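For reference, run17.tsv is printed below; it contains TSV, C-alpha atoms.
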chain	number	residue	atom	x	y	z
A	1	MET	CA	3.79	-0.32	0.48
A	2	HIS	CA	0.21	0.93	0.74
A	3	ILE	CA	-2.46	-1.18	2.44
A	4	ASP	CA	-6.03	-0.04	1.86
A	5	TYR	CA	-8.24	-0.46	4.93
A	6	GLU	CA	-11.49	0.75	6.43
A	7	TRP	CA	-13.31	0.61	9.75
A	8	VAL	CA	-16.85	-0.63	10.24
A	9	GLY	CA	-19.02	-0.78	13.32
A	10	GLN	CA	-18.26	0.39	16.83
A	11	GLY	CA	-17.18	-1.28	20.03
A	12	ALA	CA	-14.46	-1.63	22.62
A	13	SER	CA	-13.05	-4.77	21.00
A	14	THR	CA	-11.80	-5.20	17.43
A	15	ILE	CA	-12.40	-7.96	14.89
A	16	VAL	CA	-10.08	-8.11	11.87
A	17	PHE	CA	-11.40	-9.48	8.56
A	18	LEU	CA	-8.95	-11.47	6.42
A	19	HIS	CA	-10.15	-12.08	2.88
A	20	GLU	CA	-9.89	-15.03	0.53
A	21	GLY	CA	-7.33	-15.59	-2.24
A	22	LEU	CA	-9.16	-13.39	-4.75
A	23	GLY	CA	-10.82	-11.08	-2.24
A	24	SER	CA	-10.64	-7.43	-1.23
A	25	ILE	CA	-12.44	-4.97	1.02
A	26	ALA	CA	-15.27	-4.47	-1.47
A	27	MET	CA	-15.77	-8.16	-2.15
A	28	TRP	CA	-16.88	-8.77	1.44
A	29	ARG	CA	-19.90	-6.55	0.66
A	30	ASP	CA	-21.97	-5.97	3.84
A	31	PHE	CA	-20.79	-8.97	5.84
A	32	PRO	CA	-18.13	-7.21	7.98
A	33	SER	CA	-20.61	-4.49	8.96
A	34	GLU	CA	-23.28	-7.04	9.77
A	35	LEU	CA	-21.02	-9.29	11.85
A	36	SER	CA	-19.33	-6.37	13.63
A	37	SER	CA	-22.73	-4.93	14.51
A	38	ALA	CA	-23.99	-8.28	15.80
A	39	LEU	CA	-20.87	-8.64	17.95
A	40	ALA	CA	-20.92	-4.98	19.08
A	41	MET	CA	-17.30	-4.72	17.92
A	42	ARG	CA	-15.30	-2.41	15.73
A	43	GLY	CA	-14.30	-4.16	12.50
A	44	LEU	CA	-11.04	-3.67	10.58
A	45	VAL	CA	-11.30	-4.67	6.93
A	46	TYR	CA	-8.27	-4.47	4.63
A	47	SER	CA	-7.02	-5.59	1.24
A	48	ARG	CA	-3.74	-7.45	1.36
A	49	PRO	CA	-0.88	-6.23	-0.86
A	50	GLY	CA	-1.66	-7.32	-4.41
A	51	TYR	CA	-5.42	-6.92	-3.96
A	52	GLY	CA	-8.10	-4.25	-4.15
A	53	LYS	CA	-6.64	-0.78	-3.92
A	54	SER	CA	-3.53	-1.89	-2.02
A	55	THR	CA	-0.10	-1.88	-3.66
A	56	PRO	CA	-0.15	-4.42	-6.54
A	57	ARG	CA	2.20	-7.36	-6.74
A	58	ALA	CA	5.06	-6.72	-9.16
A	59	HIS	CA	4.23	-8.83	-12.20
A	60	ALA	CA	7.75	-10.23	-12.39
A	61	GLN	CA	7.48	-11.36	-8.77
A	62	ARG	CA	6.10	-14.79	-7.94
A	63	TRP	CA	4.86	-15.32	-4.42
A	64	LYS	CA	6.72	-18.07	-2.58
A	65	PRO	CA	5.12	-21.09	-0.87
A	66	ASP	CA	5.45	-19.34	2.50
A	67	TYR	CA	3.37	-16.35	1.38
A	68	LEU	CA	0.60	-17.04	3.91
A	69	HIS	CA	3.18	-17.20	6.69
A	70	ARG	CA	4.57	-13.85	5.56
A	71	GLN	CA	1.10	-12.31	5.68
A	72	ALA	CA	0.50	-13.69	9.19
A	73	TYR	CA	3.95	-13.07	10.65
A	74	ASP	CA	4.95	-9.81	8.96
A	75	VAL	CA	2.18	-7.91	7.15
A	76	LEU	CA	-0.69	-8.23	9.63
A	77	PRO	CA	1.34	-7.47	12.78
A	78	LYS	CA	2.84	-4.39	11.11
A	79	LEU	CA	-0.60	-3.16	10.06
A	80	LEU	CA	-1.90	-3.58	13.61
A	81	ASP	CA	1.16	-1.75	14.95
A	82	ASP	CA	0.73	1.08	12.45
A	83	LEU	CA	-2.90	1.47	13.53
A	84	GLY	CA	-1.98	1.45	17.20
A	85	LEU	CA	-3.81	-1.82	17.93
A	86	ARG	CA	-1.90	-3.33	20.84
A	87	GLU	CA	-4.79	-5.09	22.57
A	88	PRO	CA	-5.77	-8.65	21.56
A	89	VAL	CA	-8.01	-8.75	18.47
A	90	TRP	CA	-10.56	-11.21	17.19
A	91	LEU	CA	-9.99	-12.57	13.70
A	92	TYR	CA	-12.44	-13.61	11.00
A	93	GLY	CA	-10.63	-15.26	8.10
A	94	HIS	CA	-12.04	-16.75	4.91
A	95	SER	CA	-10.11	-19.37	2.88
A	96	ASP	CA	-6.53	-18.02	2.55
A	97	GLY	CA	-7.53	-15.51	5.21
A	98	GLY	CA	-8.53	-18.38	7.49
A	99	SER	CA	-5.07	-19.90	7.15
A	100	ILE	CA	-3.52	-16.50	7.91
A	101	ALA	CA	-5.72	-16.17	11.01
A	102	LEU	CA	-4.61	-19.57	12.31
A	103	LEU	CA	-0.94	-18.81	11.71
A	104	PHE	CA	-1.23	-15.42	13.41
A	105	ALA	CA	-3.07	-16.90	16.40
A	106	ALA	CA	-0.35	-19.50	16.89
A	107	ARG	CA	2.56	-17.07	16.53
A	108	PHE	CA	1.04	-14.19	18.53
A	109	PRO	CA	-1.04	-15.63	21.39
A	110	GLY	CA	-0.88	-12.36	23.32
A	111	ARG	CA	-2.38	-10.45	20.41
A	112	THR	CA	-5.21	-12.90	19.63
A	113	ALA	CA	-8.52	-12.91	21.50
A	114	GLY	CA	-9.93	-15.65	19.27
A	115	ALA	CA	-10.28	-16.77	15.65
A	116	ILE	CA	-13.25	-17.64	13.45
A	117	VAL	CA	-12.05	-19.33	10.28
A	118	ALA	CA	-14.33	-20.15	7.35
A	119	ALA	CA	-13.22	-22.61	4.65
A	120	PRO	CA	-9.61	-22.51	5.90
A	121	HIS	CA	-6.78	-24.61	4.51
A	122	TRP	CA	-4.09	-26.29	6.60
A	123	PHE	CA	-2.89	-28.61	3.83
A	124	VAL	CA	-3.25	-28.82	0.05
A	125	GLU	CA	-5.81	-31.17	-1.49
A	126	ASP	CA	-6.07	-32.27	-5.12
A	127	MET	CA	-9.59	-30.87	-5.38
A	128	ALA	CA	-8.28	-27.41	-4.44
A	129	ILE	CA	-5.68	-27.47	-7.22
A	130	GLU	CA	-8.23	-28.76	-9.71
A	131	GLY	CA	-10.66	-26.01	-8.69
A	132	ILE	CA	-8.00	-23.33	-9.10
A	133	ARG	CA	-7.12	-24.61	-12.55
A	134	ARG	CA	-10.80	-24.42	-13.53
A	135	THR	CA	-10.84	-20.87	-12.20
A	136	ARG	CA	-8.02	-19.97	-14.60
A	137	THR	CA	-10.16	-21.13	-17.51
A	138	ALA	CA	-13.02	-18.97	-16.22
A	139	TYR	CA	-10.59	-16.05	-15.85
A	140	LEU	CA	-9.35	-16.35	-19.43
A	141	GLU	CA	-12.55	-17.40	-21.18
A	142	GLY	CA	-15.57	-17.06	-18.90
A	143	GLY	CA	-15.71	-13.41	-17.94
A	144	LEU	CA	-14.20	-13.82	-14.47
A	145	ARG	CA	-11.44	-11.32	-15.25
A	146	GLU	CA	-13.98	-8.63	-16.08
A	147	ARG	CA	-15.98	-9.33	-12.92
A	148	LEU	CA	-12.92	-9.24	-10.68
A	149	ALA	CA	-11.64	-6.07	-12.34
A	150	ARG	CA	-14.45	-4.16	-10.60
A	151	PHE	CA	-12.75	-4.88	-7.26
A	152	HIS	CA	-9.01	-4.77	-7.98
A	153	ASP	CA	-6.97	-1.88	-9.35
A	154	ASP	CA	-4.62	-4.45	-10.91
A	155	VAL	CA	-6.71	-7.55	-11.49
A	156	ASP	CA	-3.85	-9.61	-12.95
A	157	SER	CA	-1.81	-8.93	-9.81
A	158	ALA	CA	-4.60	-10.37	-7.68
A	159	PHE	CA	-5.42	-13.37	-9.86
A	160	TYR	CA	-1.98	-14.58	-10.88
A	161	GLY	CA	-0.44	-13.94	-7.47
A	162	TRP	CA	-2.94	-16.43	-6.01
A	163	HIS	CA	-3.16	-18.83	-8.97
A	164	ASP	CA	0.55	-19.17	-9.62
A	165	VAL	CA	1.58	-19.95	-6.06
A	166	TRP	CA	-1.18	-22.52	-5.52
A	167	THR	CA	-0.37	-24.33	-8.77
A	168	ASP	CA	3.40	-24.20	-8.19
A	169	PRO	CA	4.64	-27.80	-7.61
A	170	ALA	CA	6.64	-26.49	-4.64
A	171	PHE	CA	3.37	-25.56	-2.91
A	172	ARG	CA	1.92	-29.08	-3.13
A	173	SER	CA	3.62	-30.09	0.12
A	174	TRP	CA	2.46	-26.96	2.01
A	175	ASN	CA	1.16	-28.03	5.40
A	176	ILE	CA	0.78	-25.91	8.54
A	177	ALA	CA	-0.22	-28.62	11.02
A	178	ASP	CA	2.86	-28.12	13.21
A	179	ASP	CA	2.57	-24.34	12.98
A	180	ILE	CA	-1.01	-24.13	14.23
A	181	ALA	CA	-1.04	-26.91	16.83
A	182	PRO	CA	0.11	-24.54	19.64
A	183	ILE	CA	-2.91	-22.20	19.27
A	184	ALA	CA	-4.22	-21.30	22.71
A	185	ALA	CA	-6.95	-18.83	21.68
A	186	PRO	CA	-10.54	-19.97	21.06
A	187	VAL	CA	-11.12	-21.20	17.50
A	188	LEU	CA	-14.34	-21.76	15.56
A	189	ALA	CA	-13.75	-23.53	12.24
A	190	ILE	CA	-16.62	-23.30	9.72
A	191	GLN	CA	-16.97	-25.11	6.42
A	192	GLY	CA	-19.69	-25.75	3.88
A	193	ILE	CA	-20.46	-29.39	3.21
A	194	GLY	CA	-20.48	-28.50	-0.50
A	195	ASP	CA	-17.12	-26.67	-0.45
A	196	GLU	CA	-15.63	-27.05	-3.92
A	197	TYR	CA	-12.06	-26.29	-2.78
A	198	GLY	CA	-11.66	-28.60	0.20
A	199	THR	CA	-13.02	-31.63	2.00
A	200	LEU	CA	-14.32	-31.50	5.57
A	201	GLU	CA	-10.94	-32.84	6.66
A	202	GLN	CA	-9.83	-29.21	6.61
A	203	VAL	CA	-11.98	-28.29	9.63
A	204	ARG	CA	-12.03	-31.73	11.23
A	205	GLY	CA	-8.25	-31.79	11.09
A	206	ILE	CA	-8.09	-28.41	12.79
A	207	ALA	CA	-10.21	-29.85	15.62
A	208	ARG	CA	-7.70	-32.68	16.06
A	209	LEU	CA	-4.72	-30.33	15.95
A	210	VAL	CA	-6.25	-27.66	18.21
A	211	LYS	CA	-8.10	-29.72	20.80
A	212	HIS	CA	-10.33	-26.89	22.05
A	213	ALA	CA	-11.43	-25.80	18.56
A	214	LYS	CA	-15.12	-25.93	17.70
A	215	VAL	CA	-16.37	-27.04	14.28
A	216	LEU	CA	-19.47	-25.98	12.36
A	217	GLU	CA	-20.35	-27.86	9.16
A	218	LEU	CA	-23.04	-26.14	7.10
A	219	ALA	CA	-25.42	-27.84	4.68
A	220	GLY	CA	-26.40	-25.97	1.54
A	221	CYS	CA	-23.08	-24.15	1.61
A	222	GLY	CA	-20.04	-23.98	-0.65
A	223	HIS	CA	-16.66	-22.30	-0.26
A	224	SER	CA	-18.08	-18.95	0.92
A	225	PRO	CA	-20.12	-19.46	4.11
A	226	HIS	CA	-20.48	-15.70	4.67
A	227	ARG	CA	-22.37	-15.49	1.36
A	228	ASP	CA	-24.10	-18.88	1.21
A	229	GLN	CA	-25.21	-19.06	4.86
A	230	ALA	CA	-24.60	-15.58	6.25
A	231	ARG	CA	-27.27	-15.73	8.94
A	232	ALA	CA	-26.07	-19.09	10.27
A	233	VAL	CA	-22.46	-17.86	10.30
A	234	ILE	CA	-23.35	-14.67	12.16
A	235	GLU	CA	-25.49	-16.48	14.74
A	236	ALA	CA	-22.80	-19.11	15.35
A	237	SER	CA	-20.09	-16.45	15.58
A	238	VAL	CA	-22.05	-14.38	18.10
A	239	GLU	CA	-22.76	-17.42	20.26
A	240	PHE	CA	-19.11	-18.49	20.07
A	241	VAL	CA	-17.68	-15.09	20.96
A	242	ARG	CA	-20.17	-14.33	23.75
A	243	SER	CA	-19.47	-17.69	25.40
A	244	ARG	CA	-15.84	-16.67	25.69
A	245	LEU	CA	-16.15	-13.09	26.90
Translate the structure described by the file into C-alpha coordinates.
Amino acid sequence: MHIDYEWVGQGASTIVFLHEGLGSIAMWRDFPSELSSALAMRGLVYSRPGYGKSTPRAHAQRWKPDYLHRQAYDVLPKLLDDLGLREPVWLYGHSDGGSIALLFAARFPGRTAGAIVAAPHWFVEDMAIEGIRRTRTAYLEGGLRERLARFHDDVDSAFYGWHDVWTDPAFRSWNIADDIAPIAAPVLAIQGIGDEYGTLEQVRGIARLVKHAKVLELAGCGHSPHRDQARAVIEASVEFVRSRL
(Lines of atoms letter the chains of each structure in order from A and count residues from 1; the text may use other names and numbers.)
(Lines give C-alpha, C1' and ligand atoms only; values in the text may rest on other atoms or scores of the structure.)
Protein backbone atom coordinates (compact mmCIF):
# COMPACT_ATOMS: atom_id res chain seq x y z
CA MET A 1 0.00 0.00 0.00
CA HIS A 2 1.43 3.37 -1.04
CA ILE A 3 0.82 6.46 1.08
CA ASP A 4 1.68 9.76 -0.58
CA TYR A 5 3.19 12.29 1.82
CA GLU A 6 5.26 15.45 1.88
CA TRP A 7 7.12 17.58 4.40
CA VAL A 8 6.61 21.30 4.92
CA GLY A 9 8.36 23.74 7.19
CA GLN A 10 11.24 23.16 9.56
CA GLY A 11 11.57 22.64 13.28
CA ALA A 12 12.55 20.26 16.04
CA SER A 13 8.94 19.18 16.64
CA THR A 14 6.51 17.67 14.13
CA ILE A 15 2.86 18.42 13.44
CA VAL A 16 0.88 15.87 11.40
CA PHE A 17 -2.01 17.06 9.21
CA LEU A 18 -5.02 14.74 8.92
CA HIS A 19 -7.42 15.67 6.14
CA GLU A 20 -11.19 15.62 5.86
CA GLY A 21 -13.37 12.92 4.29
CA LEU A 22 -12.83 14.16 0.73
CA GLY A 23 -9.41 15.70 1.28
CA SER A 24 -5.84 15.08 0.15
CA ILE A 25 -2.43 16.71 0.38
CA ALA A 26 -3.21 19.19 -2.39
CA MET A 27 -6.61 20.15 -1.02
CA TRP A 28 -5.03 21.68 2.09
CA ARG A 29 -3.42 24.25 -0.24
CA ASP A 30 -1.02 26.51 1.73
CA PHE A 31 -2.47 25.97 5.19
CA PRO A 32 0.00 23.30 6.43
CA SER A 33 2.97 25.44 5.36
CA GLU A 34 1.49 28.52 6.99
CA LEU A 35 0.64 26.82 10.29
CA SER A 36 3.93 24.90 10.43
CA SER A 37 5.85 28.12 9.83
CA ALA A 38 3.89 29.97 12.51
CA LEU A 39 4.57 27.15 14.98
CA ALA A 40 8.24 26.77 13.91
CA MET A 41 7.56 23.06 13.39
CA ARG A 42 8.10 20.55 10.65
CA GLY A 43 4.79 19.51 9.10
CA LEU A 44 3.90 16.05 7.77
CA VAL A 45 1.04 16.10 5.27
CA TYR A 46 -0.28 12.88 3.75
CA SER A 47 -3.19 11.49 1.76
CA ARG A 48 -4.88 8.54 3.40
CA PRO A 49 -5.31 5.33 1.36
CA GLY A 50 -8.14 5.92 -1.10
CA TYR A 51 -7.30 9.61 -1.54
CA GLY A 52 -5.01 11.85 -3.58
CA LYS A 53 -2.12 9.92 -5.04
CA SER A 54 -2.19 7.20 -2.38
CA THR A 55 -3.34 3.67 -3.19
CA PRO A 56 -7.04 3.82 -4.18
CA ARG A 57 -9.74 1.91 -2.38
CA ALA A 58 -10.76 -1.24 -4.26
CA HIS A 59 -14.15 -0.39 -5.75
CA ALA A 60 -15.65 -3.68 -4.58
CA GLN A 61 -14.54 -2.91 -1.02
CA ARG A 62 -16.82 -0.97 1.30
CA TRP A 63 -15.20 0.67 4.29
CA LYS A 64 -16.57 -0.59 7.60
CA PRO A 65 -18.01 1.58 10.39
CA ASP A 66 -14.70 1.33 12.27
CA TYR A 67 -12.72 2.84 9.39
CA LEU A 68 -11.69 5.90 11.41
CA HIS A 69 -10.44 3.64 14.20
CA ARG A 70 -8.39 1.68 11.66
CA GLN A 71 -6.82 4.88 10.38
CA ALA A 72 -5.95 6.01 13.92
CA TYR A 73 -4.87 2.66 15.34
CA ASP A 74 -3.18 1.04 12.33
CA VAL A 75 -2.43 3.32 9.37
CA LEU A 76 -1.12 6.43 11.13
CA PRO A 77 1.14 4.62 13.63
CA LYS A 78 2.64 2.54 10.82
CA LEU A 79 3.31 5.64 8.74
CA LEU A 80 5.04 7.32 11.69
CA ASP A 81 7.09 4.17 12.28
CA ASP A 82 8.06 3.94 8.61
CA LEU A 83 9.23 7.56 8.70
CA GLY A 84 11.20 7.01 11.89
CA LEU A 85 9.03 9.35 13.98
CA ARG A 86 9.28 7.97 17.50
CA GLU A 87 8.99 11.24 19.42
CA PRO A 88 5.56 12.62 20.36
CA VAL A 89 3.90 14.55 17.52
CA TRP A 90 1.32 17.30 17.40
CA LEU A 91 -1.80 16.60 15.35
CA TYR A 92 -3.99 18.91 13.30
CA GLY A 93 -7.10 17.10 12.10
CA HIS A 94 -10.02 18.40 10.06
CA SER A 95 -13.45 16.69 10.12
CA ASP A 96 -12.77 12.94 9.68
CA GLY A 97 -9.13 13.81 10.35
CA GLY A 98 -10.16 15.42 13.63
CA SER A 99 -11.84 12.21 14.73
CA ILE A 100 -8.72 10.26 13.75
CA ALA A 101 -6.56 12.67 15.77
CA LEU A 102 -8.72 12.19 18.88
CA LEU A 103 -8.68 8.41 18.55
CA PHE A 104 -4.91 8.37 18.06
CA ALA A 105 -4.33 10.67 21.04
CA ALA A 106 -6.39 8.42 23.29
CA ARG A 107 -4.79 5.17 22.14
CA PHE A 108 -1.18 6.44 21.97
CA PRO A 109 -0.63 8.97 24.78
CA GLY A 110 3.14 8.51 24.62
CA ARG A 111 3.19 9.44 20.94
CA THR A 112 0.92 12.51 21.18
CA ALA A 113 2.19 15.95 22.20
CA GLY A 114 -1.23 17.53 21.62
CA ALA A 115 -4.15 17.69 19.20
CA ILE A 116 -5.90 20.53 17.39
CA VAL A 117 -9.15 19.29 15.88
CA ALA A 118 -11.31 21.38 13.55
CA ALA A 119 -14.93 20.39 12.84
CA PRO A 120 -14.39 16.94 14.40
CA HIS A 121 -17.10 14.32 14.84
CA TRP A 122 -17.50 12.12 17.90
CA PHE A 123 -21.04 11.01 17.08
CA VAL A 124 -23.31 11.04 14.02
CA GLU A 125 -25.94 13.76 13.62
CA ASP A 126 -28.86 13.83 11.19
CA MET A 127 -27.60 17.07 9.65
CA ALA A 128 -24.31 15.36 8.75
CA ILE A 129 -26.09 12.55 6.91
CA GLU A 130 -28.37 15.01 5.15
CA GLY A 131 -25.36 17.10 4.11
CA ILE A 132 -23.55 14.06 2.74
CA ARG A 133 -26.61 13.05 0.73
CA ARG A 134 -26.74 16.55 -0.76
CA THR A 135 -23.07 16.20 -1.61
CA ARG A 136 -23.85 13.06 -3.62
CA THR A 137 -26.29 15.06 -5.73
CA ALA A 138 -23.59 17.69 -6.30
CA TYR A 139 -21.14 14.91 -7.20
CA LEU A 140 -23.47 13.39 -9.79
CA GLU A 141 -25.10 16.53 -11.16
CA GLY A 142 -23.34 19.67 -9.95
CA GLY A 143 -19.78 19.37 -11.17
CA LEU A 144 -18.28 18.27 -7.84
CA ARG A 145 -16.83 15.11 -9.41
CA GLU A 146 -14.91 17.14 -11.96
CA ARG A 147 -13.58 19.51 -9.30
CA LEU A 148 -12.46 16.70 -7.01
CA ALA A 149 -10.86 14.81 -9.90
CA ARG A 150 -8.12 17.47 -9.95
CA PHE A 151 -6.96 16.22 -6.54
CA HIS A 152 -7.53 12.45 -6.59
CA ASP A 153 -6.04 9.89 -8.97
CA ASP A 154 -9.20 7.80 -8.48
CA VAL A 155 -11.94 10.26 -7.61
CA ASP A 156 -14.66 7.60 -7.23
CA SER A 157 -12.48 5.79 -4.69
CA ALA A 158 -12.29 8.95 -2.60
CA PHE A 159 -15.93 9.99 -2.89
CA TYR A 160 -17.73 6.68 -2.53
CA GLY A 161 -15.41 5.39 0.18
CA TRP A 162 -16.48 8.35 2.34
CA HIS A 163 -20.10 8.64 1.18
CA ASP A 164 -21.00 4.98 1.41
CA VAL A 165 -19.73 4.41 4.93
CA TRP A 166 -21.36 7.55 6.34
CA THR A 167 -24.73 6.72 4.77
CA ASP A 168 -24.55 3.04 5.78
CA PRO A 169 -27.28 2.39 8.41
CA ALA A 170 -24.68 0.52 10.47
CA PHE A 171 -22.72 3.76 10.86
CA ARG A 172 -25.65 5.68 12.36
CA SER A 173 -24.80 4.46 15.87
CA TRP A 174 -21.07 5.33 15.53
CA ASN A 175 -19.97 7.09 18.70
CA ILE A 176 -16.43 7.45 20.08
CA ALA A 177 -17.21 9.06 23.43
CA ASP A 178 -15.80 6.17 25.46
CA ASP A 179 -12.77 5.88 23.16
CA ILE A 180 -11.66 9.50 23.51
CA ALA A 181 -12.51 10.18 27.16
CA PRO A 182 -9.05 8.96 28.37
CA ILE A 183 -7.12 11.57 26.31
CA ALA A 184 -4.36 13.05 28.44
CA ALA A 185 -2.71 15.28 25.82
CA PRO A 186 -3.75 18.92 25.36
CA VAL A 187 -6.72 19.33 23.00
CA LEU A 188 -8.04 22.40 21.19
CA ALA A 189 -11.41 21.77 19.51
CA ILE A 190 -12.42 24.32 16.85
CA GLN A 191 -15.75 24.61 15.06
CA GLY A 192 -17.50 27.15 12.88
CA ILE A 193 -20.84 28.37 14.18
CA GLY A 194 -22.17 27.91 10.64
CA ASP A 195 -20.86 24.34 10.22
CA GLU A 196 -23.22 22.60 7.82
CA TYR A 197 -22.20 19.08 8.91
CA GLY A 198 -22.46 19.31 12.68
CA THR A 199 -23.87 21.26 15.59
CA LEU A 200 -21.69 22.85 18.26
CA GLU A 201 -22.41 19.82 20.42
CA GLN A 202 -19.51 18.20 18.59
CA VAL A 203 -16.92 20.47 20.24
CA ARG A 204 -18.86 21.17 23.41
CA GLY A 205 -19.25 17.45 23.93
CA ILE A 206 -15.52 16.96 23.52
CA ALA A 207 -14.98 19.52 26.30
CA ARG A 208 -17.25 17.50 28.60
CA LEU A 209 -15.57 14.21 27.71
CA VAL A 210 -12.00 15.55 27.87
CA LYS A 211 -12.12 17.92 30.83
CA HIS A 212 -8.93 19.81 29.97
CA ALA A 213 -9.91 20.41 26.32
CA LYS A 214 -10.24 23.99 25.10
CA VAL A 215 -12.99 25.06 22.68
CA LEU A 216 -12.97 27.76 20.03
CA GLU A 217 -16.26 28.60 18.27
CA LEU A 218 -15.80 30.81 15.22
CA ALA A 219 -18.40 33.17 13.76
CA GLY A 220 -18.53 33.57 10.00
CA CYS A 221 -17.22 30.04 9.60
CA GLY A 222 -18.55 26.80 8.13
CA HIS A 223 -17.18 23.27 8.08
CA SER A 224 -13.65 24.29 7.01
CA PRO A 225 -12.15 26.68 9.58
CA HIS A 226 -8.70 26.54 7.94
CA ARG A 227 -10.25 28.05 4.80
CA ASP A 228 -13.02 30.24 6.24
CA GLN A 229 -11.05 31.70 9.17
CA ALA A 230 -7.44 30.73 8.52
CA ARG A 231 -5.88 33.63 10.39
CA ALA A 232 -7.99 33.07 13.51
CA VAL A 233 -7.21 29.34 13.44
CA ILE A 234 -3.47 29.93 13.10
CA GLU A 235 -3.38 32.54 15.86
CA ALA A 236 -5.40 30.33 18.23
CA SER A 237 -3.26 27.30 17.40
CA VAL A 238 0.00 29.17 18.04
CA GLU A 239 -1.26 30.51 21.36
CA PHE A 240 -2.50 27.05 22.36
CA VAL A 241 0.71 25.23 21.48
CA ARG A 242 3.06 27.83 22.96
CA SER A 243 1.16 27.80 26.27
CA ARG A 244 1.93 24.10 26.53
CA LEU A 245 5.58 24.00 25.53
Coordinates of box centre and edge lengths for stretch 40-48 of chain A, 8 Å on every side, axis-aligned, as AutoDock Vina command-line options:
--center_x -12.3 --center_y -4.9 --center_z 10.2 --size_x 33.2 --size_y 21.0 --size_z 33.8
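The nearest approach to A:Arg70 among the residues A:Leu91, A:Leu218, A:Ala58, A:Ile100, with all atoms listed in the file taken into account, belongs to A:Ile100.
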Practice item. Tell me, as a list in words, which residues lie within 12 Å of A:Ile234, counting all atoms listed in the file; anything in the same chain fewer than 2 positions away does not count. Key: Phe31, Pro32, Ser33, Glu34, Leu35, Ser36, Ser37, Ala38, Leu39, Tyr92, Ile116, Ala118, Leu188, Ile190, Leu216, Pro225, His226, Arg227, Asp228, Gln229, Ala230, Arg231, Ala232, Ala236, Ser237, Val238, Glu239, Phe240 and Val241 of chain A
Please write the residues from the selection above to a file, keeping C-alpha atoms, as a PDB file, in the coordinates of the input.
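Contents of part.pdb, as written:
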ATOM      1  CA  PHE A  31     -20.790  -8.970   5.840  1.00  0.00           C
ATOM      2  CA  PRO A  32     -18.130  -7.210   7.980  1.00  0.00           C
ATOM      3  CA  SER A  33     -20.610  -4.490   8.960  1.00  0.00           C
ATOM      4  CA  GLU A  34     -23.280  -7.040   9.770  1.00  0.00           C
ATOM      5  CA  LEU A  35     -21.020  -9.290  11.850  1.00  0.00           C
ATOM      6  CA  SER A  36     -19.330  -6.370  13.630  1.00  0.00           C
ATOM      7  CA  SER A  37     -22.730  -4.930  14.510  1.00  0.00           C
ATOM      8  CA  ALA A  38     -23.990  -8.280  15.800  1.00  0.00           C
ATOM      9  CA  LEU A  39     -20.870  -8.640  17.950  1.00  0.00           C
ATOM     10  CA  TYR A  92     -12.440 -13.610  11.000  1.00  0.00           C
ATOM     11  CA  ILE A 116     -13.250 -17.640  13.450  1.00  0.00           C
ATOM     12  CA  ALA A 118     -14.330 -20.150   7.350  1.00  0.00           C
ATOM     13  CA  LEU A 188     -14.340 -21.760  15.560  1.00  0.00           C
ATOM     14  CA  ILE A 190     -16.620 -23.300   9.720  1.00  0.00           C
ATOM     15  CA  LEU A 216     -19.470 -25.980  12.360  1.00  0.00           C
ATOM     16  CA  PRO A 225     -20.120 -19.460   4.110  1.00  0.00           C
ATOM     17  CA  HIS A 226     -20.480 -15.700   4.670  1.00  0.00           C
ATOM     18  CA  ARG A 227     -22.370 -15.490   1.360  1.00  0.00           C
ATOM     19  CA  ASP A 228     -24.100 -18.880   1.210  1.00  0.00           C
ATOM     20  CA  GLN A 229     -25.210 -19.060   4.860  1.00  0.00           C
ATOM     21  CA  ALA A 230     -24.600 -15.580   6.250  1.00  0.00           C
ATOM     22  CA  ARG A 231     -27.270 -15.730   8.940  1.00  0.00           C
ATOM     23  CA  ALA A 232     -26.070 -19.090  10.270  1.00  0.00           C
ATOM     24  CA  ALA A 236     -22.800 -19.110  15.350  1.00  0.00           C
ATOM     25  CA  SER A 237     -20.090 -16.450  15.580  1.00  0.00           C
ATOM     26  CA  VAL A 238     -22.050 -14.380  18.100  1.00  0.00           C
ATOM     27  CA  GLU A 239     -22.760 -17.420  20.260  1.00  0.00           C
ATOM     28  CA  PHE A 240     -19.110 -18.490  20.070  1.00  0.00           C
ATOM     29  CA  VAL A 241     -17.680 -15.090  20.960  1.00  0.00           C
TER      30      VAL A 241
END
**Study point:** Selected residue, from A:Leu102, A:Tyr197, A:Leu245, A:Gly220, that lies nearest to A:Ala181 when counting only C-alpha atoms
**Key:**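 That would be A:Leu102, the residue with the smallest distance to A:Ala181.
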Report as a tab-separated table the residues of stretch 155-211 of chain A within 12 Å of stretch 136-144 of chain A, each with its shortest atom pair and distance in Å (one decimal), using all atoms listed in the file, ordered by chain and increasing residue number.
residue	atom	partner	partner_atom	distance
A:Val155	CA	A:Leu144	CA	10.2
A:Asp156	CA	A:Tyr139	CA	9.8
A:Ala158	CA	A:Tyr139	CA	11.6
A:Phe159	CA	A:Tyr139	CA	8.4
A:Tyr160	CA	A:Arg136	CA	8.9
A:Trp162	CA	A:Arg136	CA	10.6
A:His163	CA	A:Arg136	CA	7.5
A:Asp164	CA	A:Arg136	CA	9.9
A:Trp166	CA	A:Arg136	CA	11.7
A:Thr167	CA	A:Arg136	CA	10.6
